[in-house]
$ cat structure39.pdb   # PDB, C-alpha atoms
ATOM      1  CA  MET I   1      20.442  21.118  50.562
ATOM      2  CA  VAL I   2      19.535  18.922  53.538
ATOM      3  CA  ALA I   3      15.814  19.415  52.862
ATOM      4  CA  GLN I   4      16.344  18.461  49.272
ATOM      5  CA  GLN I   5      18.149  15.278  50.334
ATOM      6  CA  PHE I   6      15.211  14.110  52.499
ATOM      7  CA  GLU I   7      12.522  14.953  49.916
ATOM      8  CA  PRO I   8      13.023  11.766  47.836
ATOM      9  CA  ALA I   9      12.639   9.691  50.997
ATOM     10  CA  GLY I  10       9.227  11.292  51.573
ATOM     11  CA  ASN I  11       8.257  10.609  47.972
ATOM     12  CA  TYR I  12       9.274   6.969  48.329
ATOM     13  CA  ALA I  13       7.110   6.645  51.442
ATOM     14  CA  ASP I  14       4.160   8.146  49.602
ATOM     15  CA  ILE I  15       4.702   5.777  46.710
ATOM     16  CA  ILE I  16       4.880   2.787  49.034
ATOM     17  CA  GLU I  17       1.693   3.932  50.786
ATOM     18  CA  ASP I  18      -0.067   4.409  47.442
ATOM     19  CA  ASP I  19       1.008   0.943  46.357
ATOM     20  CA  ALA I  20      -0.338  -0.510  49.584
ATOM     21  CA  GLN I  21      -3.661   1.252  49.102
ATOM     22  CA  THR I  22      -3.816   0.070  45.501
ATOM     23  CA  GLU I  23      -3.090  -3.482  46.585
ATOM     24  CA  ARG I  24      -5.847  -3.294  49.230
ATOM     25  CA  ARG I  25      -8.284  -1.971  46.644
ATOM     26  CA  ASN I  26      -7.317  -4.741  44.229
ATOM     27  CA  ALA I  27      -7.744  -7.341  46.950
ATOM     28  CA  LEU I  28     -11.177  -5.903  47.777
ATOM     29  CA  VAL I  29     -12.152  -5.993  44.092
ATOM     30  CA  ARG I  30     -11.000  -9.606  43.790
ATOM     31  CA  LEU I  31     -12.974 -10.505  46.906
ATOM     32  CA  GLN I  32     -16.056  -8.810  45.491
ATOM     33  CA  ASP I  33     -15.591 -10.703  42.219
ATOM     34  CA  ARG I  34     -15.353 -14.013  44.070
ATOM     35  CA  ILE I  35     -18.470 -13.213  46.085
ATOM     36  CA  PHE I  36     -20.394 -11.850  43.083
ATOM     37  CA  VAL I  37     -20.243 -15.079  41.106
ATOM     38  CA  PRO I  38     -21.798 -17.305  43.823
ATOM     39  CA  LEU I  39     -24.377 -14.639  44.651
ATOM     40  CA  THR I  40     -25.567 -14.581  41.046
ATOM     41  CA  VAL I  41     -25.132 -18.241  40.117
ATOM     42  CA  VAL I  42     -26.397 -19.974  43.250
ATOM     43  CA  PRO I  43     -29.933 -18.495  43.142
ATOM     44  CA  THR I  44     -30.210 -19.463  39.478
ATOM     45  CA  VAL I  45     -29.058 -23.004  40.197
ATOM     46  CA  VAL I  46     -31.437 -23.328  43.132
ATOM     47  CA  ALA I  47     -34.364 -21.991  41.104
ATOM     48  CA  SER I  48     -33.533 -24.349  38.214
ATOM     49  CA  VAL I  49     -33.370 -27.324  40.560
ATOM     50  CA  LEU I  50     -36.695 -26.419  42.133
ATOM     51  CA  VAL I  51     -38.459 -25.688  38.855
ATOM     52  CA  PHE I  52     -36.909 -28.345  36.615
ATOM     53  CA  GLY I  53     -34.819 -30.768  38.621
ATOM     54  CA  ILE I  54     -37.394 -31.914  41.173
ATOM     55  CA  PRO I  55     -40.198 -32.470  38.615
ATOM     56  CA  LEU I  56     -37.802 -34.330  36.329
ATOM     57  CA  ALA I  57     -36.623 -36.558  39.146
ATOM     58  CA  PHE I  58     -40.191 -37.215  40.248
ATOM     59  CA  SER I  59     -41.298 -38.044  36.690
ATOM     60  CA  LEU I  60     -38.380 -40.463  36.349
ATOM     61  CA  LEU I  61     -39.395 -42.137  39.614
ATOM     62  CA  LEU I  62     -43.015 -42.203  38.459
ATOM     63  CA  SER I  63     -42.061 -43.965  35.228
ATOM     64  CA  PHE I  64     -40.884 -46.960  37.265
ATOM     65  CA  GLN I  65     -43.986 -47.113  39.427
ATOM     66  CA  GLY I  66     -47.541 -48.300  39.203
ATOM     67  CA  TRP I  67     -49.928 -45.517  40.182
ATOM     68  CA  LYS I  68     -53.682 -44.985  39.968
ATOM     69  CA  ILE I  69     -55.706 -41.806  40.003
ATOM     70  CA  ASP I  70     -57.394 -42.723  43.296
ATOM     71  CA  SER I  71     -54.043 -43.323  45.036
ATOM     72  CA  GLY I  72     -51.950 -40.847  46.975
ATOM     73  CA  LEU I  73     -49.258 -38.887  45.185
ATOM     74  CA  LEU I  74     -46.462 -41.007  46.672
ATOM     75  CA  ALA I  75     -48.466 -44.227  46.970
ATOM     76  CA  GLY I  76     -47.118 -45.808  43.801
ATOM     77  CA  LYS I  77     -45.428 -49.203  43.901
ATOM     78  CA  PHE I  78     -42.175 -49.955  42.144
ATOM     79  CA  VAL I  79     -42.807 -52.029  38.987
ATOM     80  CA  GLY I  80     -39.432 -51.781  37.264
ATOM     81  CA  PHE I  81     -39.549 -51.432  33.487
ATOM     82  CA  ALA I  82     -43.166 -52.573  33.219
ATOM     83  CA  ASN I  83     -44.345 -49.168  31.939
ATOM     84  CA  TYR I  84     -41.666 -49.120  29.263
ATOM     85  CA  GLN I  85     -42.562 -52.671  28.231
ATOM     86  CA  ASP I  86     -46.209 -51.675  27.979
ATOM     87  CA  LEU I  87     -45.275 -48.788  25.719
ATOM     88  CA  PHE I  88     -43.156 -50.794  23.292
ATOM     89  CA  THR I  89     -45.816 -53.507  23.093
ATOM     90  CA  ASP I  90     -48.501 -50.922  22.322
ATOM     91  CA  PRO I  91     -48.956 -50.661  18.533
ATOM     92  CA  LEU I  92     -50.282 -47.113  18.887
ATOM     93  CA  PHE I  93     -47.160 -45.964  20.706
ATOM     94  CA  VAL I  94     -44.860 -47.656  18.202
ATOM     95  CA  SER I  95     -46.702 -46.086  15.275
ATOM     96  CA  SER I  96     -46.570 -42.691  17.027
ATOM     97  CA  LEU I  97     -42.831 -43.127  17.521
ATOM     98  CA  TYR I  98     -42.175 -43.827  13.836
ATOM     99  CA  LEU I  99     -44.578 -41.080  12.817
ATOM    100  CA  THR I 100     -42.786 -38.578  15.034
ATOM    101  CA  MET I 101     -39.378 -39.491  13.653
ATOM    102  CA  GLY I 102     -40.533 -39.173  10.060
ATOM    103  CA  TYR I 103     -42.341 -35.920  10.773
ATOM    104  CA  THR I 104     -39.301 -34.451  12.542
ATOM    105  CA  VAL I 105     -36.837 -35.394   9.816
ATOM    106  CA  SER I 106     -39.117 -34.080   7.063
ATOM    107  CA  THR I 107     -39.993 -30.753   8.653
ATOM    108  CA  VAL I 108     -36.458 -29.997   9.864
ATOM    109  CA  THR I 109     -35.018 -30.805   6.433
ATOM    110  CA  VAL I 110     -37.492 -28.535   4.652
ATOM    111  CA  GLU I 111     -37.015 -25.757   7.194
ATOM    112  CA  LEU I 112     -33.245 -25.968   6.835
ATOM    113  CA  LEU I 113     -33.291 -25.890   3.029
ATOM    114  CA  LEU I 114     -35.850 -23.080   2.816
ATOM    115  CA  GLY I 115     -34.192 -21.150   5.631
ATOM    116  CA  LEU I 116     -30.790 -21.415   3.963
ATOM    117  CA  GLY I 117     -32.231 -20.274   0.630
ATOM    118  CA  VAL I 118     -33.998 -17.305   2.214
ATOM    119  CA  ALA I 119     -30.874 -16.392   4.185
ATOM    120  CA  LEU I 120     -28.730 -16.425   1.047
ATOM    121  CA  LEU I 121     -31.316 -14.305  -0.751
ATOM    122  CA  LEU I 122     -31.563 -11.742   2.027
ATOM    123  CA  ASN I 123     -27.776 -11.640   2.333
ATOM    124  CA  SER I 124     -27.510 -10.479  -1.256
ATOM    125  CA  ARG I 125     -28.254  -7.001  -2.539
ATOM    126  CA  VAL I 126     -31.855  -7.348  -3.636
ATOM    127  CA  PRO I 127     -34.334  -4.450  -3.795
ATOM    128  CA  PHE I 128     -36.389  -3.780  -0.651
ATOM    129  CA  VAL I 129     -34.322  -6.292   1.310
ATOM    130  CA  ARG I 130     -35.039  -4.512   4.596
ATOM    131  CA  ILE I 131     -38.779  -4.840   4.033
ATOM    132  CA  PHE I 132     -38.371  -8.567   3.341
ATOM    133  CA  ARG I 133     -36.309  -9.028   6.505
ATOM    134  CA  THR I 134     -39.003  -7.322   8.563
ATOM    135  CA  ALA I 135     -41.812  -9.338   6.973
ATOM    136  CA  LEU I 136     -39.853 -12.535   7.511
ATOM    137  CA  ILE I 137     -40.329 -12.515  11.271
ATOM    138  CA  ILE I 138     -44.124 -12.107  11.165
ATOM    139  CA  PRO I 139     -44.963 -15.858  11.063
ATOM    140  CA  MET I 140     -42.454 -16.533  13.825
ATOM    141  CA  MET I 141     -43.982 -13.901  16.097
ATOM    142  CA  ILE I 142     -47.534 -15.273  15.843
ATOM    143  CA  THR I 143     -48.615 -17.450  18.750
ATOM    144  CA  PRO I 144     -48.724 -21.121  17.616
ATOM    145  CA  ILE I 145     -52.333 -21.519  18.801
ATOM    146  CA  VAL I 146     -53.436 -18.448  16.840
ATOM    147  CA  ALA I 147     -51.525 -19.595  13.749
ATOM    148  CA  ALA I 148     -53.056 -23.064  13.979
ATOM    149  CA  LEU I 149     -56.598 -21.693  14.311
ATOM    150  CA  THR I 150     -56.018 -19.339  11.382
ATOM    151  CA  TRP I 151     -54.743 -22.124   9.152
ATOM    152  CA  LYS I 152     -57.561 -24.381  10.242
ATOM    153  CA  LEU I 153     -59.981 -21.785   8.863
ATOM    154  CA  LEU I 154     -57.918 -21.332   5.700
ATOM    155  CA  LEU I 155     -57.942 -25.105   5.101
ATOM    156  CA  ASP I 156     -61.665 -25.496   5.713
ATOM    157  CA  PRO I 157     -63.062 -27.720   2.902
ATOM    158  CA  THR I 158     -66.138 -25.540   2.351
ATOM    159  CA  TYR I 159     -65.242 -21.966   3.231
ATOM    160  CA  GLY I 160     -61.462 -22.071   3.294
ATOM    161  CA  LEU I 161     -59.392 -19.682   1.206
ATOM    162  CA  VAL I 162     -56.952 -22.416   0.135
ATOM    163  CA  ASN I 163     -59.618 -24.484  -1.607
ATOM    164  CA  ALA I 164     -61.119 -21.319  -3.091
ATOM    165  CA  MET I 165     -57.776 -20.398  -4.627
ATOM    166  CA  LEU I 166     -57.092 -23.948  -5.860
ATOM    167  CA  GLY I 167     -60.653 -24.508  -7.042
ATOM    168  CA  THR I 168     -60.999 -27.814  -5.150
ATOM    169  CA  ASN I 169     -62.975 -29.238  -2.236
ATOM    170  CA  THR I 170     -60.087 -31.103  -0.627
ATOM    171  CA  VAL I 171     -60.587 -32.092   3.006
ATOM    172  CA  TRP I 172     -57.065 -31.249   4.090
ATOM    173  CA  LEU I 173     -57.407 -32.000   7.787
ATOM    174  CA  GLY I 174     -59.894 -34.854   7.432
ATOM    175  CA  ASP I 175     -57.929 -37.049   5.034
ATOM    176  CA  PRO I 176     -55.448 -39.415   6.751
ATOM    177  CA  ASP I 177     -53.088 -39.063   3.784
ATOM    178  CA  LEU I 178     -53.105 -35.258   3.810
ATOM    179  CA  ALA I 179     -53.604 -34.239   7.439
ATOM    180  CA  LEU I 180     -49.988 -34.668   8.573
ATOM    181  CA  VAL I 181     -48.720 -33.006   5.390
ATOM    182  CA  ALA I 182     -50.996 -30.003   5.992
ATOM    183  CA  VAL I 183     -49.880 -29.702   9.613
ATOM    184  CA  GLY I 184     -46.250 -30.022   8.537
ATOM    185  CA  ILE I 185     -46.663 -27.220   5.987
ATOM    186  CA  VAL I 186     -48.094 -24.948   8.654
ATOM    187  CA  ASN I 187     -45.215 -25.768  10.969
ATOM    188  CA  VAL I 188     -42.658 -25.126   8.222
ATOM    189  CA  TRP I 189     -44.339 -21.822   7.381
ATOM    190  CA  GLN I 190     -44.102 -20.648  10.966
ATOM    191  CA  ASN I 191     -40.621 -21.881  11.888
ATOM    192  CA  THR I 192     -38.596 -21.402   8.693
ATOM    193  CA  PRO I 193     -38.060 -17.693   9.540
ATOM    194  CA  PHE I 194     -36.215 -18.715  12.708
ATOM    195  CA  VAL I 195     -33.765 -20.810  10.695
ATOM    196  CA  ALA I 196     -33.420 -18.082   8.079
ATOM    197  CA  ILE I 197     -32.647 -15.386  10.658
ATOM    198  CA  LEU I 198     -30.115 -17.597  12.418
ATOM    199  CA  LEU I 199     -28.318 -18.482   9.188
ATOM    200  CA  LEU I 200     -28.513 -14.887   7.966
ATOM    201  CA  ALA I 201     -26.742 -13.763  11.120
ATOM    202  CA  GLY I 202     -24.126 -16.421  10.446
ATOM    203  CA  LEU I 203     -23.635 -15.321   6.841
ATOM    204  CA  GLN I 204     -23.162 -11.701   7.837
ATOM    205  CA  SER I 205     -20.591 -12.631  10.476
ATOM    206  CA  LEU I 206     -18.404 -14.732   8.157
ATOM    207  CA  PRO I 207     -15.026 -13.288   7.146
ATOM    208  CA  SER I 208     -14.773 -12.011   3.581
ATOM    209  CA  GLU I 209     -11.140 -13.016   3.007
ATOM    210  CA  PRO I 210     -11.808 -16.713   2.162
ATOM    211  CA  VAL I 211     -14.479 -15.734  -0.374
ATOM    212  CA  GLU I 212     -12.169 -13.179  -1.968
ATOM    213  CA  ALA I 213      -9.354 -15.738  -2.095
ATOM    214  CA  ALA I 214     -11.659 -18.252  -3.792
ATOM    215  CA  ALA I 215     -12.657 -15.629  -6.360
ATOM    216  CA  VAL I 216      -8.987 -14.927  -7.068
ATOM    217  CA  ASP I 217      -8.408 -18.650  -7.572
ATOM    218  CA  GLY I 218     -11.160 -18.690 -10.204
ATOM    219  CA  ALA I 219     -13.926 -20.461  -8.239
ATOM    220  CA  ASN I 220     -17.460 -19.887  -9.457
ATOM    221  CA  SER I 221     -20.429 -19.067  -7.222
ATOM    222  CA  TRP I 222     -21.383 -22.698  -6.567
ATOM    223  CA  GLN I 223     -17.809 -23.756  -5.810
ATOM    224  CA  THR I 224     -17.387 -20.813  -3.446
ATOM    225  CA  PHE I 225     -20.592 -21.687  -1.641
ATOM    226  CA  ARG I 226     -19.847 -25.420  -1.524
ATOM    227  CA  HIS I 227     -16.230 -25.283  -0.396
ATOM    228  CA  VAL I 228     -15.975 -21.956   1.453
ATOM    229  CA  THR I 229     -19.289 -20.533   2.653
ATOM    230  CA  LEU I 230     -20.973 -23.784   3.668
ATOM    231  CA  PRO I 231     -18.097 -25.102   5.829
ATOM    232  CA  LEU I 232     -17.786 -21.735   7.555
ATOM    233  CA  LEU I 233     -21.548 -21.678   8.115
ATOM    234  CA  MET I 234     -21.650 -25.205   9.528
ATOM    235  CA  PRO I 235     -21.631 -24.183  13.246
ATOM    236  CA  TYR I 236     -24.758 -22.108  12.652
ATOM    237  CA  ILE I 237     -26.381 -24.938  10.728
ATOM    238  CA  VAL I 238     -25.637 -27.335  13.580
ATOM    239  CA  VAL I 239     -27.317 -24.989  16.071
ATOM    240  CA  ALA I 240     -30.336 -24.509  13.799
ATOM    241  CA  VAL I 241     -30.773 -28.242  13.205
ATOM    242  CA  LEU I 242     -30.409 -29.119  16.876
ATOM    243  CA  LEU I 243     -32.875 -26.489  18.046
ATOM    244  CA  ARG I 244     -35.460 -27.261  15.380
ATOM    245  CA  THR I 245     -35.126 -31.013  15.962
ATOM    246  CA  ILE I 246     -35.797 -30.594  19.672
ATOM    247  CA  PHE I 247     -38.847 -28.412  19.059
ATOM    248  CA  GLU I 248     -40.258 -30.424  16.158
ATOM    249  CA  PHE I 249     -39.857 -33.724  17.990
ATOM    250  CA  ARG I 250     -42.110 -32.416  20.747
ATOM    251  CA  SER I 251     -44.427 -30.468  18.426
ATOM    252  CA  PHE I 252     -47.884 -30.332  19.934
ATOM    253  CA  GLU I 253     -49.814 -27.043  19.637
ATOM    254  CA  ASN I 254     -50.457 -27.022  15.890
ATOM    255  CA  ILE I 255     -51.355 -30.688  15.772
ATOM    256  CA  TRP I 256     -53.687 -30.624  18.746
ATOM    257  CA  VAL I 257     -55.541 -27.513  17.576
ATOM    258  CA  MET I 258     -55.791 -28.509  13.910
ATOM    259  CA  THR I 259     -56.426 -32.261  14.069
ATOM    260  CA  GLY I 260     -56.370 -33.434  17.692
ATOM    261  CA  GLY I 261     -54.238 -36.387  16.604
ATOM    262  CA  GLY I 262     -56.678 -37.563  13.953
ATOM    263  CA  PRO I 263     -58.045 -38.553  11.594
ATOM    264  CA  ALA I 264     -57.525 -42.249  12.308
ATOM    265  CA  ASN I 265     -54.449 -41.399  14.431
ATOM    266  CA  SER I 266     -52.638 -40.191  11.322
ATOM    267  CA  THR I 267     -51.249 -37.161  13.180
ATOM    268  CA  LYS I 268     -50.884 -38.690  16.640
ATOM    269  CA  LEU I 269     -47.266 -37.887  17.407
ATOM    270  CA  LEU I 270     -45.566 -38.823  20.670
ATOM    271  CA  SER I 271     -46.489 -35.492  22.216
ATOM    272  CA  VAL I 272     -50.177 -36.092  21.510
ATOM    273  CA  TYR I 273     -49.905 -39.670  22.767
ATOM    274  CA  THR I 274     -48.289 -38.464  25.998
ATOM    275  CA  PHE I 275     -50.860 -35.708  26.453
ATOM    276  CA  GLU I 276     -53.750 -38.128  26.057
ATOM    277  CA  ALA I 277     -52.151 -40.619  28.441
ATOM    278  CA  SER I 278     -51.643 -37.867  31.029
ATOM    279  CA  PHE I 279     -54.748 -35.695  30.896
ATOM    280  CA  LEU I 280     -57.349 -37.907  29.263
ATOM    281  CA  SER I 281     -56.516 -41.380  30.562
ATOM    282  CA  PHE I 282     -54.814 -40.090  33.742
ATOM    283  CA  ASP I 283     -52.144 -42.774  33.413
ATOM    284  CA  LEU I 284     -49.306 -40.617  34.662
ATOM    285  CA  THR I 285     -46.833 -43.485  34.984
ATOM    286  CA  LEU I 286     -47.226 -44.414  31.328
ATOM    287  CA  ALA I 287     -47.018 -40.765  30.302
ATOM    288  CA  ALA I 288     -43.861 -40.278  32.369
ATOM    289  CA  ALA I 289     -42.236 -43.266  30.691
ATOM    290  CA  ALA I 290     -43.219 -41.932  27.256
ATOM    291  CA  SER I 291     -41.772 -38.517  28.132
ATOM    292  CA  TRP I 292     -38.437 -40.005  29.169
ATOM    293  CA  ILE I 293     -38.292 -42.036  25.985
ATOM    294  CA  MET I 294     -38.774 -38.822  24.014
ATOM    295  CA  LEU I 295     -36.030 -37.130  26.019
ATOM    296  CA  ALA I 296     -33.630 -40.048  25.527
ATOM    297  CA  ILE I 297     -34.225 -40.120  21.754
ATOM    298  CA  VAL I 298     -33.604 -36.382  21.407
ATOM    299  CA  MET I 299     -30.428 -36.539  23.504
ATOM    300  CA  VAL I 300     -29.049 -39.465  21.507
ATOM    301  CA  PHE I 301     -29.784 -37.680  18.232
ATOM    302  CA  CYS I 302     -28.120 -34.466  19.428
ATOM    303  CA  VAL I 303     -24.968 -36.277  20.505
ATOM    304  CA  LEU I 304     -24.746 -38.273  17.277
ATOM    305  CA  PHE I 305     -25.374 -35.203  15.149
ATOM    306  CA  ILE I 306     -22.677 -33.205  16.927
ATOM    307  CA  LEU I 307     -20.195 -36.050  16.551
ATOM    308  CA  ALA I 308     -21.071 -36.465  12.877
ATOM    309  CA  THR I 309     -20.596 -32.789  12.069
ATOM    310  CA  LYS I 310     -17.490 -32.192  14.174
ATOM    311  CA  PRO I 311     -14.990 -33.409  11.489
ATOM    312  CA  LYS I 312     -16.646 -31.099   8.953
ATOM    313  CA  GLU I 313     -16.113 -28.120  11.250
ATOM    314  CA  ILE I 314     -12.426 -28.986  11.565
ATOM    315  CA  GLN I 315     -11.982 -29.181   7.826
TER     316      GLN I 315
END
$ encode --input "structure39.pdb" --output "structure tokens"
Amino acid sequence: MVAQQFEPAGNYADIIEDDAQTERRNALVRLQDRIFVPLTVVPTVVASVLVFGIPLAFSLLLSFQGWKIDSGLLAGKFVGFANYQDLFTDPLFVSSLYLTMGYTVSTVTVELLLGLGVALLLNSRVPFVRIFRTALIIPMMITPIVAALTWKLLLDPTYGLVNAMLGTNTVWLGDPDLALVAVGIVNVWQNTPFVAILLLAGLQSLPSEPVEAAAVDGANSWQTFRHVTLPLLMPYIVVAVLLRTIFEFRSFENIWVMTGGGPANSTKLLSVYTFEASFLSFDLTLAAAASWIMLAIVMVFCVLFILATKPKEIQ
């Protein structure tokens, strides 16, 4: 009986010891968690600062300096906003700015509409839908340089397949009125699949209850899409528009390979203007100023677009 009376005391001691060991293990795990985050984040932050932050800071400093190719790297003199004034008084830069804005709005709008249509089609039960989904990513996976060279051959006025199919001799890339349209079509062809895949993923992740409730209330297909599907899909549309706007605003590869900014500067977007100022004219201060103007315009558009679509997401 005495041994039985002291047995619970031993069990309590074991329990207390187990609790202490558990607490020490938990403390060690929490310490490891606290150490793990800095160990993983700090190297990434340092690498980002070295790779992106320092060049960005140097380009911003360069945009306020006067620098020549025969000068030392840090031998530039501070000139204030003189480079920015030179840009906005240059008719070629101003025309490139307006051309870039129009090109970006047009291509992003077409990509969004076509991508949404393709996403809705692939989200429905159509025959061979899996084959269509696989084929959809082919243009997106082609390297932009390769796609541009291929389309340049297809649009050749003499031997191109496009003119052979249309039965014309149109100089697509040599006509100032058609060159930018042709380049835009190529860009839309290659980048619409990205929008379609993004919106398709959004459509397949939407809850089915609101659509079923709308059907019970007697809404037709258009009313269901307009008042139920589209508002629910708006976050995905915002992401697609923002990403495509950023990439289209700095579009360069297709244009440079297909037209080189011509003919008659009809396809000279800001990216081409900046490239020529940097690597052809070697005016790095002017190119840096042009690059920061591009960055500022994109950032302002992104902020305004997010603010404009935020009430729609709430509704």
$ atom_distance --input "structure39.pdb" --atom1 "atom CA of Ala147 of chain I" --atom2 "atom CA of Val186 of chain I"
8.1 Å
$ closest_residue --input "structure39.pdb" --among "I:Leu39, I:Ala289, I:Leu136, I:Ile145" --to "Ala119 of chain I" --atoms "only C-alpha atoms"
I:Leu136
$ residues_around --input "structure39.pdb" --residues "segment 64-76 of chain I" --least-positions-apart "4" --cutoff "7 Å" --atoms "only C-alpha atoms" --output "PDB file with C-alpha atoms, keeping the file's coordinate frame"
ATOM      1  CA  GLY I  80     -39.432 -51.781  37.264  1.00  0.00           C
ATOM      2  CA  PHE I  81     -39.549 -51.432  33.487  1.00  0.00           C
ATOM      3  CA  ASN I  83     -44.345 -49.168  31.939  1.00  0.00           C
ATOM      4  CA  PHE I 282     -54.814 -40.090  33.742  1.00  0.00           C
ATOM      5  CA  THR I 285     -46.833 -43.485  34.984  1.00  0.00           C
TER       6      THR I 285
END
$ residues_around --input "structure39.pdb" --residues "segment 126-135 of chain I" --least-positions-apart "5" --cutoff "12 Å" --atoms "only C-alpha atoms" --output "PDB file with C-alpha atoms, in the frame of the given file"
ATOM      1  CA  VAL I 118     -33.998 -17.305   2.214  1.00  0.00           C
ATOM      2  CA  ALA I 119     -30.874 -16.392   4.185  1.00  0.00           C
ATOM      3  CA  LEU I 120     -28.730 -16.425   1.047  1.00  0.00           C
ATOM      4  CA  LEU I 121     -31.316 -14.305  -0.751  1.00  0.00           C
ATOM      5  CA  MET I 140     -42.454 -16.533  13.825  1.00  0.00           C
ATOM      6  CA  MET I 141     -43.982 -13.901  16.097  1.00  0.00           C
ATOM      7  CA  PRO I 193     -38.060 -17.693   9.540  1.00  0.00           C
ATOM      8  CA  PHE I 194     -36.215 -18.715  12.708  1.00  0.00           C
ATOM      9  CA  ALA I 196     -33.420 -18.082   8.079  1.00  0.00           C
ATOM     10  CA  ILE I 197     -32.647 -15.386  10.658  1.00  0.00           C
ATOM     11  CA  LEU I 200     -28.513 -14.887   7.966  1.00  0.00           C
ATOM     12  CA  ALA I 201     -26.742 -13.763  11.120  1.00  0.00           C
TER      13      ALA I 201
END
$ resolve_selection --input "structure39.pdb" --expression "the PyMOL selection byres ((chain I and resi 252) around 9)" --output "CSV table (one decimal) with C-alpha atoms, in the frame of the given file"
chain,number,residue,atom,x,y,z
I,248,GLU,CA,-40.3,-30.4,16.2
I,249,PHE,CA,-39.9,-33.7,18.0
I,250,ARG,CA,-42.1,-32.4,20.7
I,251,SER,CA,-44.4,-30.5,18.4
I,253,GLU,CA,-49.8,-27.0,19.6
I,254,ASN,CA,-50.5,-27.0,15.9
I,255,ILE,CA,-51.4,-30.7,15.8
I,256,TRP,CA,-53.7,-30.6,18.7
I,257,VAL,CA,-55.5,-27.5,17.6
I,269,LEU,CA,-47.3,-37.9,17.4
I,270,LEU,CA,-45.6,-38.8,20.7
I,271,SER,CA,-46.5,-35.5,22.2
I,272,VAL,CA,-50.2,-36.1,21.5
I,275,PHE,CA,-50.9,-35.7,26.5
$ resolve_selection --input "structure39.pdb" --expression "the PyMOL selection byres ((chain I and resi 189) around 12)" --output "CSV table (one decimal) with C-alpha atoms, in the coordinates of the input"
chain,number,residue,atom,x,y,z
I,107,THR,CA,-40.0,-30.8,8.7
I,108,VAL,CA,-36.5,-30.0,9.9
I,110,VAL,CA,-37.5,-28.5,4.7
I,111,GLU,CA,-37.0,-25.8,7.2
I,112,LEU,CA,-33.2,-26.0,6.8
I,114,LEU,CA,-35.8,-23.1,2.8
I,115,GLY,CA,-34.2,-21.2,5.6
I,136,LEU,CA,-39.9,-12.5,7.5
I,137,ILE,CA,-40.3,-12.5,11.3
I,138,ILE,CA,-44.1,-12.1,11.2
I,139,PRO,CA,-45.0,-15.9,11.1
I,140,MET,CA,-42.5,-16.5,13.8
I,141,MET,CA,-44.0,-13.9,16.1
I,142,ILE,CA,-47.5,-15.3,15.8
I,144,PRO,CA,-48.7,-21.1,17.6
I,147,ALA,CA,-51.5,-19.6,13.7
I,148,ALA,CA,-53.1,-23.1,14.0
I,151,TRP,CA,-54.7,-22.1,9.2
I,182,ALA,CA,-51.0,-30.0,6.0
I,183,VAL,CA,-49.9,-29.7,9.6
I,184,GLY,CA,-46.2,-30.0,8.5
I,185,ILE,CA,-46.7,-27.2,6.0
I,186,VAL,CA,-48.1,-24.9,8.7
I,187,ASN,CA,-45.2,-25.8,11.0
I,188,VAL,CA,-42.7,-25.1,8.2
I,190,GLN,CA,-44.1,-20.6,11.0
I,191,ASN,CA,-40.6,-21.9,11.9
I,192,THR,CA,-38.6,-21.4,8.7
I,193,PRO,CA,-38.1,-17.7,9.5
I,194,PHE,CA,-36.2,-18.7,12.7
I,195,VAL,CA,-33.8,-20.8,10.7
I,196,ALA,CA,-33.4,-18.1,8.1
I,254,ASN,CA,-50.5,-27.0,15.9
$ residues_around --input "structure39.pdb" --residues "segment 159-175 of chain I" --least-positions-apart "2" --cutoff "10 Å" --atoms "all atoms listed in the file" --output "PDB file with C-alpha atoms, keeping the file's coordinate frame"
ATOM      1  CA  TRP I 151     -54.743 -22.124   9.152  1.00  0.00           C
ATOM      2  CA  LYS I 152     -57.561 -24.381  10.242  1.00  0.00           C
ATOM      3  CA  LEU I 153     -59.981 -21.785   8.863  1.00  0.00           C
ATOM      4  CA  LEU I 154     -57.918 -21.332   5.700  1.00  0.00           C
ATOM      5  CA  LEU I 155     -57.942 -25.105   5.101  1.00  0.00           C
ATOM      6  CA  ASP I 156     -61.665 -25.496   5.713  1.00  0.00           C
ATOM      7  CA  PRO I 157     -63.062 -27.720   2.902  1.00  0.00           C
ATOM      8  CA  ASP I 177     -53.088 -39.063   3.784  1.00  0.00           C
ATOM      9  CA  LEU I 178     -53.105 -35.258   3.810  1.00  0.00           C
ATOM     10  CA  ALA I 179     -53.604 -34.239   7.439  1.00  0.00           C
ATOM     11  CA  LEU I 180     -49.988 -34.668   8.573  1.00  0.00           C
ATOM     12  CA  VAL I 181     -48.720 -33.006   5.390  1.00  0.00           C
ATOM     13  CA  ALA I 182     -50.996 -30.003   5.992  1.00  0.00           C
ATOM     14  CA  VAL I 183     -49.880 -29.702   9.613  1.00  0.00           C
ATOM     15  CA  MET I 258     -55.791 -28.509  13.910  1.00  0.00           C
ATOM     16  CA  THR I 259     -56.426 -32.261  14.069  1.00  0.00           C
ATOM     17  CA  GLY I 262     -56.678 -37.563  13.953  1.00  0.00           C
ATOM     18  CA  PRO I 263     -58.045 -38.553  11.594  1.00  0.00           C
ATOM     19  CA  ALA I 264     -57.525 -42.249  12.308  1.00  0.00           C
ATOM     20  CA  SER I 266     -52.638 -40.191  11.322  1.00  0.00           C
ATOM     21  CA  THR I 267     -51.249 -37.161  13.180  1.00  0.00           C
TER      22      THR I 267
END
$ residues_near_point --input "structure39.pdb" --point "(-42.9, -48.0, 25.9)" --cutoff "9 Å" --atoms "all atoms listed in the file" --output "NGL selection string"
:I and (81-90 or 93-94 or 286 or 289-290 or 293)
$ atom_distance --input "structure39.pdb" --atom1 "atom CA of Gln204 of chain I" --atom2 "atom CA of Ile237 of chain I"
13.9 Å
$ atom_distance --input "structure39.pdb" --atom1 "atom CA of Val211 of chain I" --atom2 "atom CA of Pro231 of chain I"
11.8 Å
